[in-house]
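**Q** Pasting in a structure now, in structure tokens, and then I'll have a few things to ask.
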Amino acid sequence: RPRVPRSRACEARARFTKTFAMPELPEVEAARRLCEASALGSRVASAEVADDEKVFVDGPKAVRDALSGCTFVGTGRRGKHFWLTTDAGTSVLMHLGMTGSIVVRGVKAAAYKSFTVDESQWPPRFWKAALALENGTELAFVDARRFGRVRLCAGDPLTSPPVSELGWDPLLAMPPAEALAAKLNARSGMVKSLLLDQSILAGVGNWIADEVLYQARVHPEVPGSALSEAQTTAIHSTVESVVAIACSVDADSARFPDDWLFHKRWGKQAGSIDGNPITFLTVGGRTSAFVPAVQRKTSSTAAAATGKRAAAPAPEPPKKKRAPPKAAAAAAAAVAPTVRRVTRALRR
């Protein structure tokens with residue numbers, strides 16, 4: 001595992017809080033690990049499923065029937081999708097959306113930046129599925145805003161949509177730097193939008209993309225086709241390290257390195273990092289936090305952001321050609337008599 005630098009203040013935060021951003025790859029991986037630790041190998045004694053056709057793609061009854069009496073024999077994840085596989089061969093595939101989470105009774109639930117799971121009752125408020133296992137564990141799928149999705153998969157989720165349509169997973173199968181560079185350079189879209197494209201890097205979301213571009217010192221509006229080899233190499237390295245570090249601490253943001261942009265990017269008013277102001281702009285419909293002092297915009301970047309070509313430098317005005325010495329002398333001799341006549345006329 002990569003070493004995670006942590007100050008005393010960071011250690012203190014970790015003891016009292018466990019704060020997540022919106023669910024991206026590290027948060028989803030933490031949910032998968034929680035399911036694996038609490039449910040794997042155990043039989044479901046009872047299953048309650050809320051009547052929510054939006055969250056349960058195959059309908060609440062189908063999910064309830066698949067969960068009742070099953071034993072969980074495996075877990076998996078790619079990108080922001082994770083699943084529990086039952087002894088019947090069916091996988092319960094989950095996507096946490098914006099506010100979804102897995103909660104185990106008696107285990108402190110994660111506090112997201114935008115909301116906190118209400119654990120004052122069980123099942124928790126906004127629960128969608130609640131399971132009681134024969135090993136005594138109780139767990140629930142909670143989703144306040146109902147953007148999460150639960151669907152059933154009869155075969156291997158890796159070979160069926162939507163999972164099969166995802167790109168590389170930075171934690172499980174990070175591509176070589178050259179392969180990522182080729183993918184980014186082949187696209188004219190802005191690099192921030194490309195990093196959010198799940199068909200390229202599955203699991204990268206808004207905060208990870210901003211963190212990567214800040215650490216790589218790349219402006220979010222640089223077109224993929226304009227990225228240099230040094231820039232794509234830096235992006236590859238930082239994607240790999242940011243995801244690995246975040247997952248190594250189970251996505252607990254209080255334990256992220258103190259020098260990460262993550263700690264400064266939240267809120268409506270931009271702050272600063274290392275004395276440099278943070279600025280917000282919209283790229284591909286998403287709010288992006290970046291630091292102009294270290295993520296500089298070139299003229300080609302600015303032109304790409306407006307959809308215009310960079311203006312070519314104005315041509316220099318043509319220089320007047322000097323007459324050759326002999327031709328100039330001949331011309332002077334030709335006009336000399338006329339000049340003398342005009343001069344005498346003016347003197348009269």
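Chain labels run A, B, ... following the order of the structure tokens; each chain numbers its residues from 1, and ligands are numbered from 1 in the order shown.
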Per residue of region 181-259 of chain A within 10 Å of region 23-34 of chain A, what are the shortest atom pair and its distance in Å to one decimal, counting only C-alpha atoms, with rows by chain and residue number, as CSV?
**A**
```
residue,atom,partner,partner_atom,distance
A:Ala202,CA,A:Leu25,CA,7.9
A:Gly203,CA,A:Leu25,CA,4.4
A:Val204,CA,A:Leu25,CA,6.3
A:Gly205,CA,A:Glu24,CA,5.6
A:Asn206,CA,A:Glu24,CA,8.2
A:Trp207,CA,A:Glu24,CA,8.3
A:Ile208,CA,A:Glu24,CA,7.9
A:Val242,CA,A:Pro26,CA,9.5
A:Val243,CA,A:Pro26,CA,6.6
A:Ala244,CA,A:Pro26,CA,8.3
A:Ile245,CA,A:Pro26,CA,9.0
A:Ala246,CA,A:Pro26,CA,5.9
A:Cys247,CA,A:Pro26,CA,4.9
A:Ser248,CA,A:Pro26,CA,8.7
A:Val249,CA,A:Ala30,CA,8.8
A:Asp250,CA,A:Ala30,CA,5.1
A:Ala251,CA,A:Pro26,CA,5.1
A:Asp252,CA,A:Glu27,CA,8.2
A:Ser253,CA,A:Glu27,CA,9.8
```
**Q** Suppose we keep all heavy atoms; can you now write the selection as a short mmCIF file (atom, residue, chain, number, x, y, z; two decimals), in the first residue's frame?
**A**
```cif
data_model
loop_
_atom_site.label_atom_id
_atom_site.label_comp_id
_atom_site.auth_asym_id
_atom_site.auth_seq_id
_atom_site.Cartn_x
_atom_site.Cartn_y
_atom_site.Cartn_z
N ALA A 202 -13.41 3.87 -15.27
CA ALA A 202 -14.62 3.59 -14.49
C ALA A 202 -14.39 3.90 -13.02
O ALA A 202 -13.42 3.43 -12.43
CB ALA A 202 -15.03 2.14 -14.66
N GLY A 203 -15.27 4.73 -12.46
CA GLY A 203 -15.19 5.02 -11.04
C GLY A 203 -14.68 6.40 -10.72
O GLY A 203 -14.84 6.88 -9.59
N VAL A 204 -14.06 7.07 -11.70
CA VAL A 204 -13.57 8.43 -11.47
C VAL A 204 -14.77 9.38 -11.51
O VAL A 204 -15.53 9.39 -12.47
CB VAL A 204 -12.53 8.84 -12.53
CG1 VAL A 204 -12.17 10.32 -12.38
CG2 VAL A 204 -11.28 7.98 -12.39
N GLY A 205 -14.93 10.16 -10.44
CA GLY A 205 -16.01 11.13 -10.36
C GLY A 205 -15.45 12.53 -10.21
O GLY A 205 -14.27 12.78 -10.46
N ASN A 206 -16.29 13.44 -9.80
CA ASN A 206 -15.94 14.86 -9.81
C ASN A 206 -14.77 15.20 -8.90
O ASN A 206 -13.84 15.88 -9.31
CB ASN A 206 -17.17 15.69 -9.44
CG ASN A 206 -17.12 17.09 -10.02
OD1 ASN A 206 -16.71 17.28 -11.17
ND2 ASN A 206 -17.52 18.08 -9.25
N TRP A 207 -14.81 14.72 -7.65
CA TRP A 207 -13.72 15.13 -6.75
C TRP A 207 -12.41 14.46 -7.13
O TRP A 207 -11.33 15.08 -7.00
CB TRP A 207 -14.11 14.88 -5.29
CG TRP A 207 -13.98 13.47 -4.75
CD1 TRP A 207 -14.99 12.59 -4.52
CD2 TRP A 207 -12.77 12.81 -4.33
NE1 TRP A 207 -14.49 11.41 -4.00
CE2 TRP A 207 -13.13 11.52 -3.86
CE3 TRP A 207 -11.43 13.17 -4.30
CZ2 TRP A 207 -12.21 10.61 -3.37
CZ3 TRP A 207 -10.49 12.25 -3.82
CH2 TRP A 207 -10.89 10.98 -3.36
N ILE A 208 -12.47 13.21 -7.60
CA ILE A 208 -11.22 12.54 -8.01
C ILE A 208 -10.62 13.25 -9.22
O ILE A 208 -9.41 13.50 -9.27
CB ILE A 208 -11.47 11.05 -8.33
CG1 ILE A 208 -11.83 10.28 -7.06
CG2 ILE A 208 -10.23 10.43 -8.98
CD1 ILE A 208 -12.11 8.80 -7.30
N VAL A 242 -4.01 8.63 -6.36
CA VAL A 242 -5.16 9.18 -5.62
C VAL A 242 -6.14 8.07 -5.28
O VAL A 242 -6.62 7.96 -4.14
CB VAL A 242 -5.84 10.30 -6.43
CG1 VAL A 242 -7.21 10.63 -5.85
CG2 VAL A 242 -4.97 11.55 -6.43
N VAL A 243 -6.47 7.21 -6.23
CA VAL A 243 -7.42 6.13 -5.99
C VAL A 243 -6.85 5.14 -4.98
O VAL A 243 -7.56 4.71 -4.06
CB VAL A 243 -7.77 5.43 -7.31
CG1 VAL A 243 -8.55 4.13 -7.05
CG2 VAL A 243 -8.61 6.36 -8.19
N ALA A 244 -5.58 4.78 -5.11
CA ALA A 244 -4.98 3.80 -4.20
C ALA A 244 -4.95 4.32 -2.77
O ALA A 244 -5.27 3.59 -1.82
CB ALA A 244 -3.56 3.46 -4.67
N ILE A 245 -4.57 5.59 -2.59
CA ILE A 245 -4.51 6.16 -1.24
C ILE A 245 -5.90 6.26 -0.63
O ILE A 245 -6.11 5.90 0.54
CB ILE A 245 -3.81 7.53 -1.27
CG1 ILE A 245 -2.32 7.36 -1.58
CG2 ILE A 245 -3.99 8.27 0.05
CD1 ILE A 245 -1.59 8.67 -1.79
N ALA A 246 -6.88 6.74 -1.42
CA ALA A 246 -8.24 6.88 -0.90
C ALA A 246 -8.81 5.53 -0.50
O ALA A 246 -9.50 5.41 0.53
CB ALA A 246 -9.13 7.57 -1.92
N CYS A 247 -8.55 4.49 -1.28
CA CYS A 247 -9.05 3.16 -0.95
C CYS A 247 -8.32 2.55 0.23
O CYS A 247 -8.90 1.76 0.99
CB CYS A 247 -8.96 2.24 -2.17
SG CYS A 247 -10.12 2.64 -3.49
N SER A 248 -7.06 2.89 0.41
CA SER A 248 -6.28 2.32 1.52
C SER A 248 -6.77 2.79 2.87
O SER A 248 -6.49 2.15 3.90
CB SER A 248 -4.79 2.67 1.35
OG SER A 248 -4.55 4.03 1.65
N VAL A 249 -7.51 3.90 2.91
CA VAL A 249 -8.09 4.39 4.17
C VAL A 249 -9.61 4.25 4.14
O VAL A 249 -10.32 4.95 4.86
CB VAL A 249 -7.67 5.85 4.46
CG1 VAL A 249 -6.17 5.94 4.65
CG2 VAL A 249 -8.12 6.79 3.34
N ASP A 250 -10.12 3.35 3.30
CA ASP A 250 -11.55 3.08 3.18
C ASP A 250 -12.36 4.34 2.89
O ASP A 250 -13.48 4.52 3.40
CB ASP A 250 -12.09 2.39 4.44
CG ASP A 250 -11.60 0.95 4.56
OD1 ASP A 250 -11.37 0.33 3.50
OD2 ASP A 250 -11.44 0.46 5.68
N ALA A 251 -11.79 5.23 2.08
CA ALA A 251 -12.47 6.45 1.61
C ALA A 251 -12.80 7.41 2.74
O ALA A 251 -13.60 8.32 2.55
CB ALA A 251 -13.73 6.11 0.81
N ASP A 252 -12.18 7.25 3.90
CA ASP A 252 -12.41 8.17 5.01
C ASP A 252 -11.63 9.45 4.74
O ASP A 252 -10.41 9.50 4.91
CB ASP A 252 -11.96 7.53 6.32
CG ASP A 252 -12.23 8.39 7.53
OD1 ASP A 252 -12.77 9.51 7.36
OD2 ASP A 252 -11.92 7.96 8.65
N SER A 253 -12.32 10.50 4.33
CA SER A 253 -11.63 11.72 3.88
C SER A 253 -10.86 12.41 4.99
O SER A 253 -9.95 13.19 4.72
CB SER A 253 -12.64 12.69 3.26
OG SER A 253 -13.59 13.11 4.21
#
```
**Q** Would you please give, as an NGL selection string, all residues of region 76-183 of chain A that DSSP assigns to alpha helix (DSSP H) based on the backbone?
**A** :A and (177-183)
**Q** Which polymer residues have any atom within 7 Å of an atom of region 87-102 of chain A, counting only C-alpha atoms, with same-chain residues fewer than 3 positions away left out, as a ChimeraX atom specification?
**A** /A:22-23,31,70-73,80-84,140-145,147-155
**Q** Between A:Thr233, A:Pro161, A:Glu211, A:Arg146, which has the minimum distance to Ala182 (chain A) (counting only C-alpha atoms)?
**A**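 Using only C-alpha atoms, Ala182 (chain A) sits closest to A:Thr233.
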**Q** When you draw a straight line from CA of Ala270 (chain A) to CA of Phe290 (chain A), how long is it in Å?
**A** 9.7 Å
**Q** If you run DSSP on this backbone, which residues of region 53-107 of chain A come out as strand (DSSP E or B), and could you give them as an MDAnalysis selection string?
**A** chainID A and resid 56 71:78 81:86 91:95 100:104
**Q** Please provide as a list in words all residues within 7 Å of Phe280 (chain A), with the sequence filter that same-chain residues fewer than 5 positions apart are discarded (counting only C-alpha atoms).
**A** Thr287, Ser288, Ala289 and Phe290 of chain A
**Q** Could you pull the residues within 10 Å of Glu178 (chain A), counting only C-alpha atoms, minus those fewer than 4 positions along the same chain, as a list in words?
**A**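 Neighbouring residues, sequence-local ones excluded: Ala182, Lys183, Leu184, Glu229, Thr232, Thr233 and His236 of chain A.
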**Q** What is the CA of Ala62 (chain A)-CA of Ala47 (chain A) distance in Å, reported with one decimal?
**A**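 Computed distance, CA of Ala62 (chain A) to CA of Ala47 (chain A), equals 11.7 Å.
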**Q** How far is it from CA of Pro162 (chain A) to CA of Arg125 (chain A), in Å with one decimal?
**A**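 Atom-to-atom, CA of Pro162 (chain A) to CA of Arg125 (chain A), that is 28.5 Å.
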**Q** Report as a list of chain:residue names all protein, DNA and RNA residues lying within 8 Å of Ile200 (chain A), evaluated on only C-alpha atoms, omitting residues in the same chain fewer than 5 positions from it.
**A**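 So, after excluding close chain neighbours, the residues are A:Leu166, A:Gly167, A:Trp168, A:Lys183, A:Leu194, A:Leu195.
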**Q** Write the selection just made, keeping all heavy atoms, as a JSON list (two decimals), in the first residue's frame?
**A**
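Saved file part-v7.json follows:
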```json
[["chain", "number", "residue", "atom", "x", "y", "z"],
["A", 166, "LEU", "N", -18.23, -0.54, -19.06],
["A", 166, "LEU", "CA", -17.32, 0.36, -18.36],
["A", 166, "LEU", "C", -15.89, 0.22, -18.85],
["A", 166, "LEU", "O", -15.49, -0.81, -19.40],
["A", 166, "LEU", "CB", -17.37, 0.07, -16.85],
["A", 166, "LEU", "CG", -18.74, 0.26, -16.18],
["A", 166, "LEU", "CD1", -18.67, -0.21, -14.73],
["A", 166, "LEU", "CD2", -19.18, 1.71, -16.26],
["A", 167, "GLY", "N", -15.11, 1.26, -18.62],
["A", 167, "GLY", "CA", -13.70, 1.25, -19.01],
["A", 167, "GLY", "C", -12.82, 0.64, -17.94],
["A", 167, "GLY", "O", -13.26, -0.16, -17.12],
["A", 168, "TRP", "N", -11.55, 1.05, -17.94],
["A", 168, "TRP", "CA", -10.59, 0.51, -16.98],
["A", 168, "TRP", "C", -10.96, 0.92, -15.55],
["A", 168, "TRP", "O", -11.41, 2.03, -15.30],
["A", 168, "TRP", "CB", -9.19, 1.04, -17.28],
["A", 168, "TRP", "CG", -8.61, 0.61, -18.58],
["A", 168, "TRP", "CD1", -8.31, -0.65, -18.98],
["A", 168, "TRP", "CD2", -8.23, 1.47, -19.67],
["A", 168, "TRP", "NE1", -7.76, -0.65, -20.24],
["A", 168, "TRP", "CE2", -7.70, 0.64, -20.70],
["A", 168, "TRP", "CE3", -8.27, 2.84, -19.87],
["A", 168, "TRP", "CZ2", -7.21, 1.15, -21.89],
["A", 168, "TRP", "CZ3", -7.80, 3.36, -21.07],
["A", 168, "TRP", "CH2", -7.27, 2.52, -22.06],
["A", 183, "LYS", "N", -5.87, 6.96, -25.57],
["A", 183, "LYS", "CA", -7.31, 7.16, -25.43],
["A", 183, "LYS", "C", -7.64, 8.64, -25.26],
["A", 183, "LYS", "O", -8.58, 9.16, -25.88],
["A", 183, "LYS", "CB", -7.82, 6.37, -24.23],
["A", 183, "LYS", "CG", -9.32, 6.40, -24.04],
["A", 183, "LYS", "CD", -10.07, 5.54, -25.04],
["A", 183, "LYS", "CE", -9.92, 4.08, -24.74],
["A", 183, "LYS", "NZ", -10.81, 3.24, -25.58],
["A", 194, "LEU", "N", -13.30, 14.10, -20.05],
["A", 194, "LEU", "CA", -12.80, 12.78, -20.43],
["A", 194, "LEU", "C", -12.53, 11.92, -19.21],
["A", 194, "LEU", "O", -12.78, 10.71, -19.22],
["A", 194, "LEU", "CB", -11.52, 12.92, -21.27],
["A", 194, "LEU", "CG", -11.68, 13.66, -22.60],
["A", 194, "LEU", "CD1", -10.35, 13.70, -23.35],
["A", 194, "LEU", "CD2", -12.75, 13.00, -23.47],
["A", 195, "LEU", "N", -12.02, 12.53, -18.13],
["A", 195, "LEU", "CA", -11.78, 11.75, -16.91],
["A", 195, "LEU", "C", -13.09, 11.28, -16.28],
["A", 195, "LEU", "O", -13.11, 10.25, -15.60],
["A", 195, "LEU", "CB", -10.99, 12.59, -15.91],
["A", 195, "LEU", "CG", -9.53, 12.89, -16.27],
["A", 195, "LEU", "CD1", -8.88, 13.74, -15.18],
["A", 195, "LEU", "CD2", -8.74, 11.60, -16.48]]
```
